[in-house]
file final_7.cif (mmCIF, C-alpha atoms)
data_query
loop_
_atom_site.label_atom_id
_atom_site.label_comp_id
_atom_site.auth_asym_id
_atom_site.auth_seq_id
_atom_site.Cartn_x
_atom_site.Cartn_y
_atom_site.Cartn_z
CA MET J 1 153.04 41.89 34.77
CA PRO J 2 149.50 41.28 36.10
CA GLY J 3 146.75 42.24 33.69
CA VAL J 4 149.02 42.65 30.64
CA ALA J 5 148.00 40.68 27.55
CA LEU J 6 150.63 38.17 26.47
CA PRO J 7 151.93 37.71 22.94
CA SER J 8 150.85 34.60 21.06
CA ALA J 9 152.45 31.21 21.69
CA ARG J 10 154.24 31.49 18.34
CA THR J 11 155.65 34.92 19.18
CA ILE J 12 156.93 33.68 22.55
CA ALA J 13 158.40 30.55 20.97
CA ARG J 14 160.13 32.69 18.34
CA HIS J 15 161.63 34.93 21.04
CA LEU J 16 162.96 31.95 23.01
CA SER J 17 164.28 30.26 19.88
CA ARG J 18 166.21 33.36 18.86
CA ALA J 19 167.58 33.69 22.38
CA ASP J 20 168.87 30.12 22.61
CA PRO J 21 169.48 27.64 19.74
CA ILE J 22 169.36 24.60 22.02
CA LEU J 23 166.04 25.66 23.50
CA ALA J 24 164.92 26.26 19.92
CA ARG J 25 165.47 22.56 19.16
CA LEU J 26 163.33 21.57 22.15
CA ILE J 27 160.55 23.89 21.00
CA ARG J 28 160.60 22.52 17.45
CA ARG J 29 160.02 18.95 18.65
CA GLY J 30 156.45 19.64 19.76
CA GLY J 31 155.85 23.06 18.30
CA PRO J 32 154.77 26.29 20.06
CA THR J 33 152.21 25.88 22.82
CA THR J 34 150.45 27.96 25.44
CA LEU J 35 150.79 27.26 29.14
CA PRO J 36 148.12 24.84 30.35
CA THR J 37 145.86 25.99 33.15
CA ARG J 38 145.10 24.19 36.40
CA GLY J 39 142.43 26.61 37.56
CA ALA J 40 142.88 28.92 40.52
CA GLY J 41 141.68 29.62 44.02
CA PHE J 42 141.29 27.64 47.23
CA PRO J 43 140.68 24.20 45.65
CA ILE J 44 143.91 24.36 43.65
CA LEU J 45 146.01 25.45 46.64
CA ALA J 46 144.38 22.86 48.89
CA GLN J 47 145.01 20.11 46.38
CA SER J 48 148.63 21.20 46.00
CA ILE J 49 148.95 20.42 49.72
CA LEU J 50 147.06 17.13 49.48
CA PHE J 51 149.20 15.84 46.59
CA GLN J 52 152.52 16.47 48.33
CA GLN J 53 154.74 13.36 48.56
CA ILE J 54 152.07 10.97 47.26
CA SER J 55 151.17 9.61 43.83
CA GLY J 56 148.68 11.36 41.58
CA ALA J 57 146.30 8.43 41.89
CA ALA J 58 146.43 8.53 45.69
CA GLY J 59 145.84 12.28 45.70
CA ALA J 60 142.87 11.96 43.35
CA SER J 61 141.37 9.30 45.62
CA ILE J 62 141.63 11.61 48.64
CA VAL J 63 139.98 14.44 46.70
CA ARG J 64 137.08 12.14 45.75
CA ARG J 65 136.61 11.09 49.38
CA LEU J 66 136.68 14.68 50.59
CA ARG J 67 133.97 15.59 48.08
CA ALA J 68 131.88 12.66 49.29
CA ALA J 69 132.40 13.65 52.93
CA HIS J 70 131.30 17.18 52.12
CA GLY J 71 128.25 15.82 50.31
CA GLY J 72 128.63 17.62 47.01
CA PRO J 73 130.30 17.27 43.62
CA ARG J 74 132.67 20.19 44.18
CA PHE J 75 135.76 20.44 46.34
CA PRO J 76 134.82 21.55 49.89
CA PRO J 77 135.05 25.29 50.63
CA PRO J 78 137.52 26.65 53.21
CA GLU J 79 134.83 27.06 55.88
CA TRP J 80 134.17 23.30 55.81
CA PHE J 81 137.78 22.49 56.70
CA LEU J 82 137.54 24.68 59.80
CA LYS J 83 134.51 22.88 61.21
CA VAL J 84 134.89 19.27 60.04
CA SER J 85 136.35 16.82 62.55
CA PRO J 86 139.94 15.55 62.22
CA LYS J 87 138.45 12.04 62.28
CA THR J 88 136.50 12.74 59.08
CA LEU J 89 139.57 14.12 57.37
CA ARG J 90 141.62 11.15 58.52
CA ALA J 91 139.00 8.76 57.14
CA SER J 92 139.34 10.55 53.80
CA GLY J 93 143.08 9.91 53.80
CA VAL J 94 144.32 13.29 55.06
CA SER J 95 147.27 12.99 57.44
CA PRO J 96 147.36 15.00 60.71
CA GLN J 97 150.14 17.18 59.28
CA LYS J 98 148.21 17.96 56.12
CA THR J 99 145.11 18.62 58.23
CA ARG J 100 147.10 21.38 59.96
CA TYR J 101 148.20 22.75 56.60
CA LEU J 102 144.67 22.72 55.15
CA ARG J 103 143.24 24.46 58.19
CA ASP J 104 145.94 27.10 58.11
CA LEU J 105 145.16 27.75 54.43
CA ALA J 106 141.42 27.84 55.17
CA THR J 107 141.97 30.26 58.05
CA HIS J 108 144.00 32.59 55.84
CA VAL J 109 141.20 32.60 53.25
CA VAL J 110 138.25 32.92 55.66
CA GLU J 111 139.93 35.69 57.67
CA ARG J 112 140.97 37.39 54.39
CA ARG J 113 144.62 37.31 55.27
CA LEU J 114 144.85 35.71 51.82
CA ASN J 115 142.50 37.38 49.35
CA LEU J 116 142.49 35.14 46.30
CA ARG J 117 140.78 37.76 44.14
CA THR J 118 143.36 40.45 44.72
CA LEU J 119 146.15 37.86 44.49
CA SER J 120 145.70 37.80 40.73
CA ARG J 121 146.63 41.50 40.62
CA ALA J 122 149.65 41.26 42.92
CA SER J 123 153.25 41.17 41.72
CA ASP J 124 155.03 37.82 41.42
CA GLU J 125 157.11 38.60 44.50
CA ASP J 126 154.03 39.54 46.52
CA VAL J 127 152.18 36.37 45.48
CA ILE J 128 155.13 34.25 46.61
CA ALA J 129 155.36 36.12 49.93
CA ARG J 130 151.63 35.72 50.63
CA LEU J 131 151.47 32.05 49.69
CA THR J 132 154.63 30.95 51.51
CA ASP J 133 153.22 32.54 54.66
CA ILE J 134 150.86 29.53 54.77
CA LEU J 135 151.89 26.25 56.37
CA GLY J 136 152.67 23.59 53.79
CA ILE J 137 153.12 25.99 50.87
CA GLY J 138 156.72 26.58 49.85
CA LEU J 139 158.47 28.40 47.05
CA TRP J 140 157.93 25.63 44.47
CA THR J 141 154.18 25.46 45.09
CA ALA J 142 153.91 29.26 44.88
CA GLN J 143 155.83 29.24 41.60
CA MET J 144 153.56 26.54 40.15
CA TYR J 145 150.53 28.63 41.13
CA LEU J 146 152.04 31.65 39.41
CA ILE J 147 152.79 29.69 36.23
CA PHE J 148 149.75 27.45 35.83
CA SER J 149 147.00 29.33 37.71
CA LEU J 150 147.90 32.98 37.18
CA HIS J 151 149.80 32.42 33.90
CA ARG J 152 152.65 34.73 34.82
CA PRO J 153 155.13 34.63 31.93
CA ASP J 154 158.49 35.12 33.64
CA VAL J 155 158.65 32.77 36.62
CA PHE J 156 161.56 30.35 36.57
CA PRO J 157 161.59 27.45 39.09
CA ALA J 158 165.33 26.86 38.95
CA GLY J 159 165.15 24.51 41.93
CA ASP J 160 162.72 22.16 40.19
CA LEU J 161 164.45 18.82 39.59
CA GLY J 162 162.65 18.33 36.28
CA VAL J 163 163.93 21.67 34.99
CA ARG J 164 167.47 20.86 36.11
CA ASN J 165 167.33 17.37 34.58
CA ALA J 166 166.04 18.79 31.30
CA VAL J 167 168.83 21.37 31.18
CA GLY J 168 171.37 18.67 31.99
CA ARG J 169 170.11 16.47 29.18
CA ALA J 170 169.72 19.19 26.53
CA TRP J 171 173.06 20.87 27.25
CA LYS J 172 174.82 17.51 27.85
CA TYR J 173 176.00 18.06 31.40
CA ARG J 174 177.61 15.00 32.97
CA VAL J 175 175.79 15.64 36.25
CA VAL J 176 172.57 17.44 37.10
CA PRO J 177 173.39 21.17 36.93
CA SER J 178 173.14 23.27 40.06
CA VAL J 179 170.38 25.76 40.71
CA LYS J 180 172.80 28.65 40.14
CA THR J 181 173.95 27.18 36.82
CA VAL J 182 170.36 26.85 35.62
CA GLU J 183 169.53 30.37 36.81
CA ARG J 184 172.45 31.82 34.84
CA LYS J 185 171.39 29.97 31.71
CA ALA J 186 167.81 31.19 32.08
CA VAL J 187 168.74 34.88 32.09
CA ARG J 188 168.61 35.00 28.29
CA TRP J 189 165.07 33.53 28.28
CA ALA J 190 163.49 36.52 30.03
CA PRO J 191 160.78 37.78 29.91
CA PHE J 192 159.25 34.37 29.10
CA ARG J 193 161.01 32.04 31.53
CA SER J 194 157.74 30.36 32.58
CA HIS J 195 157.31 29.22 28.99
CA ALA J 196 160.95 28.12 28.79
CA ALA J 197 160.42 25.99 31.90
CA PHE J 198 157.38 24.39 30.31
CA TYR J 199 159.32 23.51 27.16
CA LEU J 200 162.02 21.98 29.36
CA TRP J 201 159.45 19.85 31.18
CA ARG J 202 157.92 18.84 27.87
CA SER J 203 161.31 17.70 26.59
CA LEU J 204 161.40 15.11 29.37
CA ASP J 205 157.75 14.07 29.06
CA PRO J 206 155.80 15.10 25.95
CA SER J 207 152.53 14.17 27.69
CA VAL J 208 152.73 17.30 29.88
CA ALA J 209 151.51 19.29 26.89
CA ALA J 210 148.17 17.55 27.26
#
call {"tool": "encode", "arguments": {"input": "final_7.cif", "output": "structure tokens"}}
result
Amino acid sequence: MPGVALPSARTIARHLSRADPILARLIRRGGPTTLPTRGAGFPILAQSILFQQISGAAGASIVRRLRAAHGGPRFPPPEWFLKVSPKTLRASGVSPQKTRYLRDLATHVVERRLNLRTLSRASDEDVIARLTDILGIGLWTAQMYLIFSLHRPDVFPAGDLGVRNAVGRAWKYRVVPSVKTVERKAVRWAPFRSHAAFYLWRSLDPSVAA
């Protein structure tokens, strides 16, 4: 729940380990860990749009060019995206479709249809509803914002391919398990399914812990 202090990483890891012996093995490999943070607010949501369907290096390059176009070291504010020309955005590497998405996000923020301050106090369901109302932001992006920006403990992105692959590998499925199969397995991991998802991702790529 918003505003409720979470138990320690060790306590959460102990709960998950008792709930599921296979997940316990994954946790032991790297030890208990807290969820990393990606920051919050307009820059994070805007960058989640910019990085869609491109490499991390390409996304980082676009972010650098947008900062240069804005003329400052920080990511441009929402107001800038509403007044800058499409030509400038295109020169920075932003596609016409993503320009539409960024401007829709900026409009939501400027017109306070999306209040990022009160978002941190909203329920998980309300956060998802508000974010997916914006062009270019779907369920997965909203879930990532809940997990890594708002640090909500019990969000489970069952549709994430990494999560499904990790479950398939750890539980020795012959094919990638379905979303419903993964959802059923995750029931026992409540109320810390965000943390379970992170341990699953880490099992595929230990570098995510960094």
call {"tool": "atom_distance", "arguments": {"input": "final_7.cif", "atom1": "atom CA of Ala142 of chain J", "atom2": "atom CA of Val110 of chain J"}}
result
19.4 Å
call {"tool": "closest_atom_pairs", "arguments": {"input": "final_7.cif", "of": "segment 43-80 of chain J", "to": "segment 115-122 of chain J", "cutoff": "12 Å", "atoms": "only C-alpha atoms", "output": "JSON lines"}}
result
{"residue": "J:Pro43", "atom": "CA", "partner": "J:Leu116", "partner_atom": "CA", "distance": 11.1}
{"residue": "J:Ile44", "atom": "CA", "partner": "J:Leu116", "partner_atom": "CA", "distance": 11.2}
{"residue": "J:Leu45", "atom": "CA", "partner": "J:Leu116", "partner_atom": "CA", "distance": 10.3}
call {"tool": "atom_distance", "arguments": {"input": "final_7.cif", "atom1": "atom CA of Leu105 of chain J", "atom2": "atom CA of Leu135 of chain J"}}
result
7.2 Å
call {"tool": "closest_residue", "arguments": {"input": "final_7.cif", "among": "J:Val182, J:Ala58, J:Val127, J:Ile22", "to": "Leu139 of chain J", "atoms": "all atoms listed in the file"}}
result
J:Val127
call {"tool": "atom_distance", "arguments": {"input": "final_7.cif", "atom1": "atom CA of His151 of chain J", "atom2": "atom CA of Leu6 of chain J"}}
result
9.4 Å
call {"tool": "axis_aligned_box", "arguments": {"input": "final_7.cif", "around": "segment 5-21 of chain J", "padding_each_side": "5 Å", "output": "JSON"}}
result
{"center_x": 158.7, "center_y": 34.2, "center_z": 22.9, "size_x": 31.5, "size_y": 23.0, "size_z": 19.2}
call {"tool": "closest_residue", "arguments": {"input": "final_7.cif", "among": "J:Ala91, J:Leu200, J:Ala5, J:Ile137", "to": "Gly162 of chain J", "atoms": "only C-alpha atoms"}}
result
J:Leu200
call {"tool": "closest_atom_pairs", "arguments": {"input": "final_7.cif", "of": "segment 98-178 of chain J", "to": "segment 48-55 of chain J", "cutoff": "9 Å", "atoms": "all atoms listed in the file", "output": "Markdown table"}}
result
| residue | atom | partner | partner_atom | distance |
| --- | --- | --- | --- | --- |
| J:Lys98 | CA | J:Leu50 | CA | 6.8 |
| J:Tyr101 | CA | J:Ile49 | CA | 7.3 |
| J:Leu102 | CA | J:Ile49 | CA | 7.3 |
| J:Gly136 | CA | J:Ile49 | CA | 6.4 |
| J:Ile137 | CA | J:Ile49 | CA | 7.1 |
| J:Thr141 | CA | J:Ser48 | CA | 7.1 |
call {"tool": "closest_residue", "arguments": {"input": "final_7.cif", "among": "J:Phe75, J:Phe42, J:Trp80, J:Phe156", "to": "Val179 of chain J", "atoms": "all atoms listed in the file"}}
result
J:Phe156
call {"tool": "resolve_selection", "arguments": {"input": "final_7.cif", "expression": "the PyMOL selection byres ((chain J and resi 7) around 12)", "output": "number ranges by chain"}}
result
J: 4-6, 8-15, 33-34, 153, 191-192, 195
call {"tool": "write_last_selection", "arguments": {"input": "final_7.cif", "atoms": "C-alpha atoms", "output": "PDB file, keeping the file's coordinate frame"}}
result
ATOM      1  CA  VAL J   4     149.020  42.650  30.640  1.00  0.00           C
ATOM      2  CA  ALA J   5     148.000  40.680  27.550  1.00  0.00           C
ATOM      3  CA  LEU J   6     150.630  38.170  26.470  1.00  0.00           C
ATOM      4  CA  SER J   8     150.850  34.600  21.060  1.00  0.00           C
ATOM      5  CA  ALA J   9     152.450  31.210  21.690  1.00  0.00           C
ATOM      6  CA  ARG J  10     154.240  31.490  18.340  1.00  0.00           C
ATOM      7  CA  THR J  11     155.650  34.920  19.180  1.00  0.00           C
ATOM      8  CA  ILE J  12     156.930  33.680  22.550  1.00  0.00           C
ATOM      9  CA  ALA J  13     158.400  30.550  20.970  1.00  0.00           C
ATOM     10  CA  ARG J  14     160.130  32.690  18.340  1.00  0.00           C
ATOM     11  CA  HIS J  15     161.630  34.930  21.040  1.00  0.00           C
ATOM     12  CA  THR J  33     152.210  25.880  22.820  1.00  0.00           C
ATOM     13  CA  THR J  34     150.450  27.960  25.440  1.00  0.00           C
ATOM     14  CA  PRO J 153     155.130  34.630  31.930  1.00  0.00           C
ATOM     15  CA  PRO J 191     160.780  37.780  29.910  1.00  0.00           C
ATOM     16  CA  PHE J 192     159.250  34.370  29.100  1.00  0.00           C
ATOM     17  CA  HIS J 195     157.310  29.220  28.990  1.00  0.00           C
TER      18      HIS J 195
END
call {"tool": "closest_residue", "arguments": {"input": "final_7.cif", "among": "J:Ile134, J:Ile128, J:Ala197, J:Ala24", "to": "Val163 of chain J", "atoms": "only C-alpha atoms"}}
result
J:Ala197
call {"tool": "residues_around", "arguments": {"input": "final_7.cif", "residues": "Ala166 of chain J", "least_positions_apart": "6", "cutoff": "7 Å", "atoms": "all atoms listed in the file", "output": "VMD selection string"}}
result
chain J and resid 200 to 201 203 to 204
call {"tool": "resolve_selection", "arguments": {"input": "final_7.cif", "expression": "the PyMOL selection byres ((chain J and resi 92) around 7)", "output": "MDAnalysis selection string"}}
result
chainID J and resid 62 65:66 88:91 93:94
call {"tool": "closest_residue", "arguments": {"input": "final_7.cif", "among": "J:Thr99, J:Ser123, J:Gln143, J:Ser207", "to": "Lys87 of chain J", "atoms": "all atoms listed in the file"}}
result
J:Thr99
call {"tool": "resolve_selection", "arguments": {"input": "final_7.cif", "expression": "the PyMOL selection byres ((chain J and resi 30) around 9)", "output": "list in words"}}
result
Leu26, Ile27, Arg28, Arg29, Gly31, Pro32, Thr33, Tyr199, Arg202, Ser203, Pro206 and Ala209 of chain J
call {"tool": "residues_around", "arguments": {"input": "final_7.cif", "residues": "Asp154 of chain J", "least_positions_apart": "4", "cutoff": "9 Å", "atoms": "only C-alpha atoms", "output": "MDAnalysis selection string"}}
result
chainID J and resid 1 124 147 189:196
call {"tool": "residues_around", "arguments": {"input": "final_7.cif", "residues": "Ser178 of chain J", "least_positions_apart": "2", "cutoff": "9 Å", "atoms": "only C-alpha atoms", "output": "PyMOL selection string"}}
result
chain J and resi 158-159+164+175-176+180-183
call {"tool": "closest_residue", "arguments": {"input": "final_7.cif", "among": "J:Gln47, J:Lys185, J:Asp126, J:Glu79", "to": "Arg64 of chain J", "atoms": "only C-alpha atoms"}}
result
J:Gln47
call {"tool": "decode", "arguments": {"input": "final_7.cif", "residues": "segment 118-165 of chain J", "atoms": "C-alpha atoms", "output": "PDB file, in the first residue's frame"}}
result
ATOM      1  CA  THR J 118      -0.570  12.570  -6.030  1.00  0.00           C
ATOM      2  CA  LEU J 119       0.231   9.542  -8.199  1.00  0.00           C
ATOM      3  CA  SER J 120       2.589   8.313  -5.499  1.00  0.00           C
ATOM      4  CA  ARG J 121      -0.356   8.115  -3.086  1.00  0.00           C
ATOM      5  CA  ALA J 122      -2.755   6.381  -5.480  1.00  0.00           C
ATOM      6  CA  SER J 123      -3.520   2.662  -5.421  1.00  0.00           C
ATOM      7  CA  ASP J 124      -1.721   0.351  -7.854  1.00  0.00           C
ATOM      8  CA  GLU J 125      -4.890  -0.029  -9.900  1.00  0.00           C
ATOM      9  CA  ASP J 126      -5.416   3.735 -10.057  1.00  0.00           C
ATOM     10  CA  VAL J 127      -1.802   4.351 -11.121  1.00  0.00           C
ATOM     11  CA  ILE J 128      -2.183   1.847 -13.955  1.00  0.00           C
ATOM     12  CA  ALA J 129      -5.480   3.403 -15.056  1.00  0.00           C
ATOM     13  CA  ARG J 130      -4.033   6.931 -15.079  1.00  0.00           C
ATOM     14  CA  LEU J 131      -0.835   6.009 -16.884  1.00  0.00           C
ATOM     15  CA  THR J 132      -2.410   3.795 -19.544  1.00  0.00           C
ATOM     16  CA  ASP J 133      -4.733   6.671 -20.399  1.00  0.00           C
ATOM     17  CA  ILE J 134      -1.673   8.271 -22.045  1.00  0.00           C
ATOM     18  CA  LEU J 135      -0.688   7.453 -25.620  1.00  0.00           C
ATOM     19  CA  GLY J 136       2.337   5.180 -25.779  1.00  0.00           C
ATOM     20  CA  ILE J 137       2.098   3.958 -22.180  1.00  0.00           C
ATOM     21  CA  GLY J 138       0.751   0.445 -21.784  1.00  0.00           C
ATOM     22  CA  LEU J 139       0.318  -1.981 -18.929  1.00  0.00           C
ATOM     23  CA  TRP J 140       3.968  -3.108 -18.894  1.00  0.00           C
ATOM     24  CA  THR J 141       5.311   0.450 -18.685  1.00  0.00           C
ATOM     25  CA  ALA J 142       2.851   1.283 -15.900  1.00  0.00           C
ATOM     26  CA  GLN J 143       3.920  -1.824 -13.992  1.00  0.00           C
ATOM     27  CA  MET J 144       7.612  -0.924 -14.353  1.00  0.00           C
ATOM     28  CA  TYR J 145       6.837   2.555 -13.012  1.00  0.00           C
ATOM     29  CA  LEU J 146       5.047   1.027 -10.038  1.00  0.00           C
ATOM     30  CA  ILE J 147       7.927  -1.349  -9.299  1.00  0.00           C
ATOM     31  CA  PHE J 148      11.015   0.766  -9.928  1.00  0.00           C
ATOM     32  CA  SER J 149       9.770   4.337  -9.417  1.00  0.00           C
ATOM     33  CA  LEU J 150       7.101   3.977  -6.734  1.00  0.00           C
ATOM     34  CA  HIS J 151       8.562   0.786  -5.191  1.00  0.00           C
ATOM     35  CA  ARG J 152       5.214  -0.927  -4.844  1.00  0.00           C
ATOM     36  CA  PRO J 153       5.884  -4.381  -3.375  1.00  0.00           C
ATOM     37  CA  ASP J 154       3.161  -6.533  -4.915  1.00  0.00           C
ATOM     38  CA  VAL J 155       3.066  -5.818  -8.649  1.00  0.00           C
ATOM     39  CA  PHE J 156       3.590  -8.853 -10.854  1.00  0.00           C
ATOM     40  CA  PRO J 157       4.202  -8.320 -14.603  1.00  0.00           C
ATOM     41  CA  ALA J 158       3.141 -11.802 -15.664  1.00  0.00           C
ATOM     42  CA  GLY J 159       3.183 -10.788 -19.329  1.00  0.00           C
ATOM     43  CA  ASP J 160       6.856  -9.804 -19.221  1.00  0.00           C
ATOM     44  CA  LEU J 161       8.836 -12.199 -21.416  1.00  0.00           C
ATOM     45  CA  GLY J 162      11.820 -12.108 -19.060  1.00  0.00           C
ATOM     46  CA  VAL J 163       9.654 -13.193 -16.137  1.00  0.00           C
ATOM     47  CA  ARG J 164       8.108 -15.991 -18.190  1.00  0.00           C
ATOM     48  CA  ASN J 165      11.501 -17.151 -19.464  1.00  0.00           C
TER      49      ASN J 165
END
